[in-house]
Each structure stands twice: as structure tokens, then as C-alpha cells.
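Below is model15.cif, holding mmCIF, C-alpha atoms.
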```
data_coords
loop_
_atom_site.group_PDB
_atom_site.id
_atom_site.type_symbol
_atom_site.label_atom_id
_atom_site.label_comp_id
_atom_site.auth_asym_id
_atom_site.auth_seq_id
_atom_site.Cartn_x
_atom_site.Cartn_y
_atom_site.Cartn_z
ATOM 1 C CA MET A 1 29.014 -9.180 -14.343
ATOM 2 C CA GLU A 2 26.434 -7.312 -12.221
ATOM 3 C CA PRO A 3 22.864 -8.632 -12.657
ATOM 4 C CA SER A 4 20.488 -6.219 -14.399
ATOM 5 C CA ALA A 5 17.351 -7.588 -12.731
ATOM 6 C CA TYR A 6 15.641 -7.014 -9.414
ATOM 7 C CA PHE A 7 16.003 -10.673 -8.401
ATOM 8 C CA THR A 8 17.904 -13.829 -9.127
ATOM 9 C CA VAL A 9 16.127 -17.146 -8.551
ATOM 10 C CA GLU A 10 17.746 -20.096 -6.815
ATOM 11 C CA ARG A 11 16.917 -23.736 -7.647
ATOM 12 C CA ASP A 12 14.583 -24.061 -4.649
ATOM 13 C CA GLY A 13 12.484 -21.086 -5.853
ATOM 14 C CA THR A 14 13.980 -18.536 -3.473
ATOM 15 C CA PHE A 15 14.062 -15.017 -4.898
ATOM 16 C CA VAL A 16 17.313 -13.291 -3.972
ATOM 17 C CA PRO A 17 17.105 -9.490 -4.292
ATOM 18 C CA THR A 18 19.851 -7.581 -6.079
ATOM 19 C CA ASP A 19 20.977 -4.082 -5.078
ATOM 20 C CA PHE A 20 18.292 -2.627 -7.380
ATOM 21 C CA THR A 21 15.628 -3.617 -4.806
ATOM 22 C CA ARG A 22 17.334 -2.140 -1.739
ATOM 23 C CA GLY A 23 15.059 0.276 0.106
ATOM 24 C CA PRO A 24 15.908 3.678 1.555
ATOM 25 C CA TRP A 25 15.148 2.764 5.203
ATOM 26 C CA SER A 26 17.608 -0.083 5.767
ATOM 27 C CA VAL A 27 20.440 -1.709 3.826
ATOM 28 C CA GLU A 28 19.011 -5.077 4.884
ATOM 29 C CA ALA A 29 15.460 -4.504 3.554
ATOM 30 C CA CYS A 30 13.884 -4.309 0.111
ATOM 31 C CA HIS A 31 11.850 -1.460 -1.249
ATOM 32 C CA ALA A 32 8.291 -2.853 -1.445
ATOM 33 C CA GLY A 33 7.770 -2.184 -5.167
ATOM 34 C CA PRO A 34 9.745 -5.072 -6.715
ATOM 35 C CA PRO A 35 8.423 -7.724 -4.261
ATOM 36 C CA THR A 36 4.888 -6.452 -4.911
ATOM 37 C CA GLY A 37 5.524 -7.027 -8.615
ATOM 38 C CA LEU A 38 6.438 -10.644 -7.842
ATOM 39 C CA MET A 39 3.236 -11.044 -5.867
ATOM 40 C CA ALA A 40 1.203 -9.657 -8.780
ATOM 41 C CA ARG A 41 2.987 -12.057 -11.138
ATOM 42 C CA ALA A 42 2.169 -14.995 -8.842
ATOM 43 C CA SER A 43 -1.502 -13.997 -8.741
ATOM 44 C CA GLU A 44 -1.621 -13.711 -12.544
ATOM 45 C CA ALA A 45 0.032 -17.115 -12.926
ATOM 46 C CA ALA A 46 -2.518 -18.709 -10.571
ATOM 47 C CA VAL A 47 -5.475 -17.423 -12.644
ATOM 48 C CA PRO A 48 -4.290 -17.081 -16.254
ATOM 49 C CA ASP A 49 -7.800 -16.964 -17.772
ATOM 50 C CA LYS A 50 -9.013 -13.860 -15.871
ATOM 51 C CA PRO A 51 -7.147 -10.545 -15.724
ATOM 52 C CA LEU A 52 -5.909 -9.307 -12.357
ATOM 53 C CA VAL A 53 -7.850 -6.100 -11.674
ATOM 54 C CA ARG A 54 -6.915 -5.359 -8.066
ATOM 55 C CA LEU A 55 -4.089 -6.374 -5.741
ATOM 56 C CA MET A 56 -4.263 -5.477 -2.046
ATOM 57 C CA VAL A 57 -0.885 -5.876 -0.346
ATOM 58 C CA GLU A 58 -0.197 -5.876 3.374
ATOM 59 C CA ILE A 59 3.451 -5.595 4.363
ATOM 60 C CA THR A 60 3.764 -6.937 7.896
ATOM 61 C CA ARG A 61 7.527 -6.525 8.415
ATOM 62 C CA PRO A 62 10.591 -5.405 6.427
ATOM 63 C CA ILE A 63 11.220 -7.631 3.405
ATOM 64 C CA PRO A 64 14.740 -9.066 3.780
ATOM 65 C CA MET A 65 17.528 -8.710 1.232
ATOM 66 C CA SER A 66 18.556 -12.266 2.195
ATOM 67 C CA GLY A 67 15.800 -13.794 0.053
ATOM 68 C CA PHE A 68 12.262 -15.149 0.240
ATOM 69 C CA ARG A 69 9.747 -17.364 -1.505
ATOM 70 C CA ILE A 70 6.282 -16.636 -2.870
ATOM 71 C CA GLY A 71 3.298 -18.915 -2.272
ATOM 72 C CA SER A 72 -0.103 -18.577 -3.903
ATOM 73 C CA VAL A 73 -3.505 -20.230 -3.574
ATOM 74 C CA ILE A 74 -6.840 -19.659 -5.233
ATOM 75 C CA ALA A 75 -9.108 -18.545 -2.404
ATOM 76 C CA ARG A 76 -12.395 -18.417 -4.305
ATOM 77 C CA THR A 77 -13.263 -19.276 -7.851
ATOM 78 C CA GLY A 78 -16.396 -18.439 -9.759
ATOM 79 C CA ARG A 79 -17.686 -17.873 -13.264
ATOM 80 C CA THR A 80 -16.832 -14.163 -13.291
ATOM 81 C CA VAL A 81 -14.779 -13.521 -10.133
ATOM 82 C CA THR A 82 -11.766 -15.360 -8.730
ATOM 83 C CA THR A 83 -9.642 -14.317 -5.759
ATOM 84 C CA THR A 84 -6.125 -15.360 -4.812
ATOM 85 C CA ARG A 85 -4.041 -15.184 -1.648
ATOM 86 C CA ILE A 86 -0.320 -14.618 -2.021
ATOM 87 C CA GLU A 87 2.296 -14.850 0.731
ATOM 88 C CA LEU A 88 5.884 -13.624 0.660
ATOM 89 C CA HIS A 89 7.782 -15.686 3.256
ATOM 90 C CA ASP A 90 10.882 -17.625 4.233
ATOM 91 C CA ASP A 91 11.215 -20.698 6.468
ATOM 92 C CA GLU A 92 10.701 -18.660 9.644
ATOM 93 C CA ARG A 93 8.140 -15.941 8.976
ATOM 94 C CA SER A 94 5.776 -14.152 6.651
ATOM 95 C CA TYR A 95 6.754 -10.676 5.416
ATOM 96 C CA ALA A 96 3.806 -9.690 3.251
ATOM 97 C CA THR A 97 0.468 -11.006 2.082
ATOM 98 C CA ALA A 98 -1.717 -9.997 -0.834
ATOM 99 C CA GLU A 99 -5.197 -10.647 -2.115
ATOM 100 C CA GLY A 100 -5.758 -10.588 -5.854
ATOM 101 C CA LEU A 101 -9.083 -10.003 -7.552
ATOM 102 C CA HIS A 102 -9.540 -11.394 -11.057
ATOM 103 C CA LEU A 103 -12.555 -10.598 -13.263
ATOM 104 C CA ALA A 104 -13.657 -12.416 -16.386
ATOM 105 C CA GLU A 105 -13.666 -10.333 -19.537
ATOM 106 C CA GLY A 106 -16.895 -9.904 -21.420
ATOM 107 C CA GLU A 107 -19.355 -7.524 -22.982
ATOM 108 C CA ILE A 108 -21.207 -5.414 -20.448
ATOM 109 C CA GLY A 109 -23.744 -4.047 -22.926
ATOM 110 C CA PRO A 110 -24.759 -0.452 -23.325
ATOM 111 C CA VAL A 111 -23.818 1.918 -20.534
ATOM 112 C CA THR A 112 -26.425 4.539 -19.805
ATOM 113 C CA SER A 113 -25.468 8.082 -19.006
ATOM 114 C CA HIS A 114 -27.404 10.492 -16.823
ATOM 115 C CA HIS A 115 -27.282 14.257 -16.734
ATOM 116 C CA VAL A 116 -25.457 15.528 -13.658
ATOM 117 C CA GLU A 117 -26.038 19.097 -12.592
ATOM 118 C CA VAL A 118 -22.764 20.969 -12.165
ATOM 119 C CA LEU A 119 -22.842 23.370 -9.245
ATOM 120 C CA ASP A 120 -21.440 26.857 -9.588
ATOM 121 C CA PRO A 121 -18.953 27.716 -6.783
ATOM 122 C CA ASP A 122 -20.152 31.342 -6.934
ATOM 123 C CA ASP A 123 -23.545 30.158 -5.611
ATOM 124 C CA ALA A 124 -21.976 28.867 -2.364
ATOM 125 C CA VAL A 125 -22.983 30.558 0.879
ATOM 126 C CA PRO A 126 -20.768 30.840 3.976
ATOM 127 C CA GLY A 127 -21.677 28.950 7.096
ATOM 128 C CA PRO A 128 -20.955 25.828 9.125
ATOM 129 C CA PHE A 129 -20.797 22.493 7.377
ATOM 130 C CA PRO A 130 -23.805 20.536 8.658
ATOM 131 C CA ILE A 131 -22.135 17.506 10.254
ATOM 132 C CA THR A 132 -24.454 15.360 12.313
ATOM 133 C CA PRO A 133 -23.552 12.174 14.160
ATOM 134 C CA THR A 134 -24.912 9.060 12.451
ATOM 135 C CA HIS A 135 -24.155 6.569 15.215
ATOM 136 C CA ASP A 136 -25.945 5.150 18.203
ATOM 137 C CA GLU A 137 -24.606 7.222 21.093
ATOM 138 C CA ALA A 138 -25.394 4.421 23.546
ATOM 139 C CA ALA A 139 -23.050 2.096 21.625
ATOM 140 C CA PHE A 140 -20.207 4.598 21.359
ATOM 141 C CA GLY A 141 -20.540 6.413 24.665
ATOM 142 C CA ASP A 142 -18.149 9.352 24.876
ATOM 143 C CA SER A 143 -15.715 7.969 22.294
ATOM 144 C CA LEU A 144 -16.911 10.268 19.490
ATOM 145 C CA GLU A 145 -17.387 13.994 19.698
ATOM 146 C CA VAL A 146 -18.269 16.234 16.748
ATOM 147 C CA ARG A 147 -17.899 20.002 17.190
ATOM 148 C CA TYR A 148 -18.102 23.009 14.930
ATOM 149 C CA VAL A 149 -15.127 25.340 15.364
ATOM 150 C CA PRO A 150 -15.959 28.947 14.395
ATOM 151 C CA GLY A 151 -13.604 30.353 11.785
ATOM 152 C CA MET A 152 -12.658 26.937 10.434
ATOM 153 C CA SER A 153 -14.090 25.815 7.124
#
```
Do you think you could lay out the structure here as C-alpha cells?
Amino acid sequence: MEPSAYFTVERDGTFVPTDFTRGPWSVEACHAGPPTGLMARASEAAVPDKPLVRLMVEITRPIPMSGFRIGSVIARTGRTVTTTRIELHDDERSYATAEGLHLAEGEIGPVTSHHVEVLDPDDAVPGPFPITPTHDEAAFGDSLEVRYVPGMS
């Protein structure tokens, strides 16, 4: 019977992708979505008392269909913020890393609101957009040039 999951798990903790994870670029590489889900799950398991609110994933090479493991560590822990580092790897190399941000739940109190003036597009006037360099030209030399091109808006 064909598995109906993205992965099967071997006794040593290796995740073996099924055909559901195969990516469109190579028959030997996974689409990044399902492995990213595993990385999110690992981050959540590492910090069960604080919800995962952000996961930043860096894919450094194609994720192999041959299988991989997931490692996780708590990088920083605090009263309200905890961060995790997750690595998707095999015995030879790393394929992706992630950093998870976990925030403690709690009451934030009243949230004030301020009036924001909404601009009317009909009040706009034609002309160049006033872009001015905000860098130290001595530090950047000739590496940055800002020009206004007539007719472009």
C-alpha cells in the first residue's frame, strides 16, 4: 500500500520522503514545503510552552529524497522570548537551517489608536520623487549612484 504521508520515519530518526514531497526541479530533491513543516514541528517540540511566531528558513542545497535527520537546540531562552536553531542534515552535510522565534502569551493591556490622515490621490502633483543619498560618500566611493530619469515615475 502506498503511504499517504509526506515522510516515513526509520528507527534511527531518519525522515524518508515519499513521492508526495518530490519537487519540480529534480526527481532527486524534495520540494521545500514539507521539510520546512518538519523544521517548524521540531522548533515547537523544543519550546512547548511558548508559541512559535516566526520561522526563518535558509535552504543551502537541494534537500535529498534519500532521507535526512532534523536536529534542534534552544539558542536563547528568556521569560518572554525563546529562540531555536534547527538543522536538516544527514551524516555528510547540512541542507537547511532555521531559526524559530517563540513568544510567551499574555495580556498586553489596552492598545491605543491614533488618527491617521488619509491622503487623497487626486491631490498628488507630478514631478520627480525626491530621492537623496543617505550614506557617507567617502565610505561608499563610486559604488552607489542615484539618478532621476525624466519620464520615469
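Here, the PyMOL selection byres ((chain A and resi 73-81) around 7) matches Ala46, Ser72, Thr82, Thr83, Thr84, Arg85, Ile86, His102, Leu103 and Ala104 of chain A.
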Please produce a file of those selected residues containing C-alpha atoms, as a short mmCIF file (atom, residue, chain, number, x, y, z; two decimals), in the coordinates of the input.
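After the write, selection-v6.cif holds the following:
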```
data_model
loop_
_atom_site.label_atom_id
_atom_site.label_comp_id
_atom_site.auth_asym_id
_atom_site.auth_seq_id
_atom_site.Cartn_x
_atom_site.Cartn_y
_atom_site.Cartn_z
CA ALA A 46 -2.52 -18.71 -10.57
CA SER A 72 -0.10 -18.58 -3.90
CA THR A 82 -11.77 -15.36 -8.73
CA THR A 83 -9.64 -14.32 -5.76
CA THR A 84 -6.12 -15.36 -4.81
CA ARG A 85 -4.04 -15.18 -1.65
CA ILE A 86 -0.32 -14.62 -2.02
CA HIS A 102 -9.54 -11.39 -11.06
CA LEU A 103 -12.56 -10.60 -13.26
CA ALA A 104 -13.66 -12.42 -16.39
#
```
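Take atom CA of A:Phe20 and atom CA of A:Glu58: the distance between them is 21.6 Å.
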Chain and number of each residue from the PyMOL selection byres ((chain A and resi 98) around 7), as a list in words: Leu55, Met56, Val57, Glu58, Arg85, Ile86, Glu87, Ala96, Thr97, Glu99 and Gly100 of chain A
Residues returned when the PyMOL selection byres ((chain A and resi 64) around 9) runs on this file, as a PyMOL selection string: chain A and resi 17+28-30+61-63+65-68+95
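Each of A:His114, A:Arg93, A:Arg54, A:Arg69 was checked against A:Val9 using all atoms listed in the file; the smallest atom-to-atom distance is that of A:Arg69.
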Nearest to A:Ser43 by atom-to-atom distance, counting all atoms listed in the file, from A:His115, A:Leu101, A:Glu10, A:Gly106: A:Leu101
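With atom CA of A:Pro110 on one side and atom CA of A:Val47 on the other, the separation reads 27.8 Å.
For the pair atom CA of A:Asp19 and atom CA of A:Phe7, the interatomic distance is 8.9 Å.
Closest approach to A:Ser4 among A:Thr21, A:Leu38, A:Pro51, A:Val111: A:Thr21, based on only C-alpha atoms.
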Box for stretch 20-39 of chain A - axis-aligned, 5 Å on each of the six sides, all listed atoms - centre and size in Å to one decimal, as lines of an AutoDock Vina configuration file.
```
center_x = 11.8
center_y = -3.7
center_z = -1.4
size_x = 27.2
size_y = 24.7
size_z = 24.4
```
Pick from A:Ser26, A:Thr8, A:Thr14, A:Ser113 nearest to A:Ile70, counting all atoms listed in the file: A:Thr14
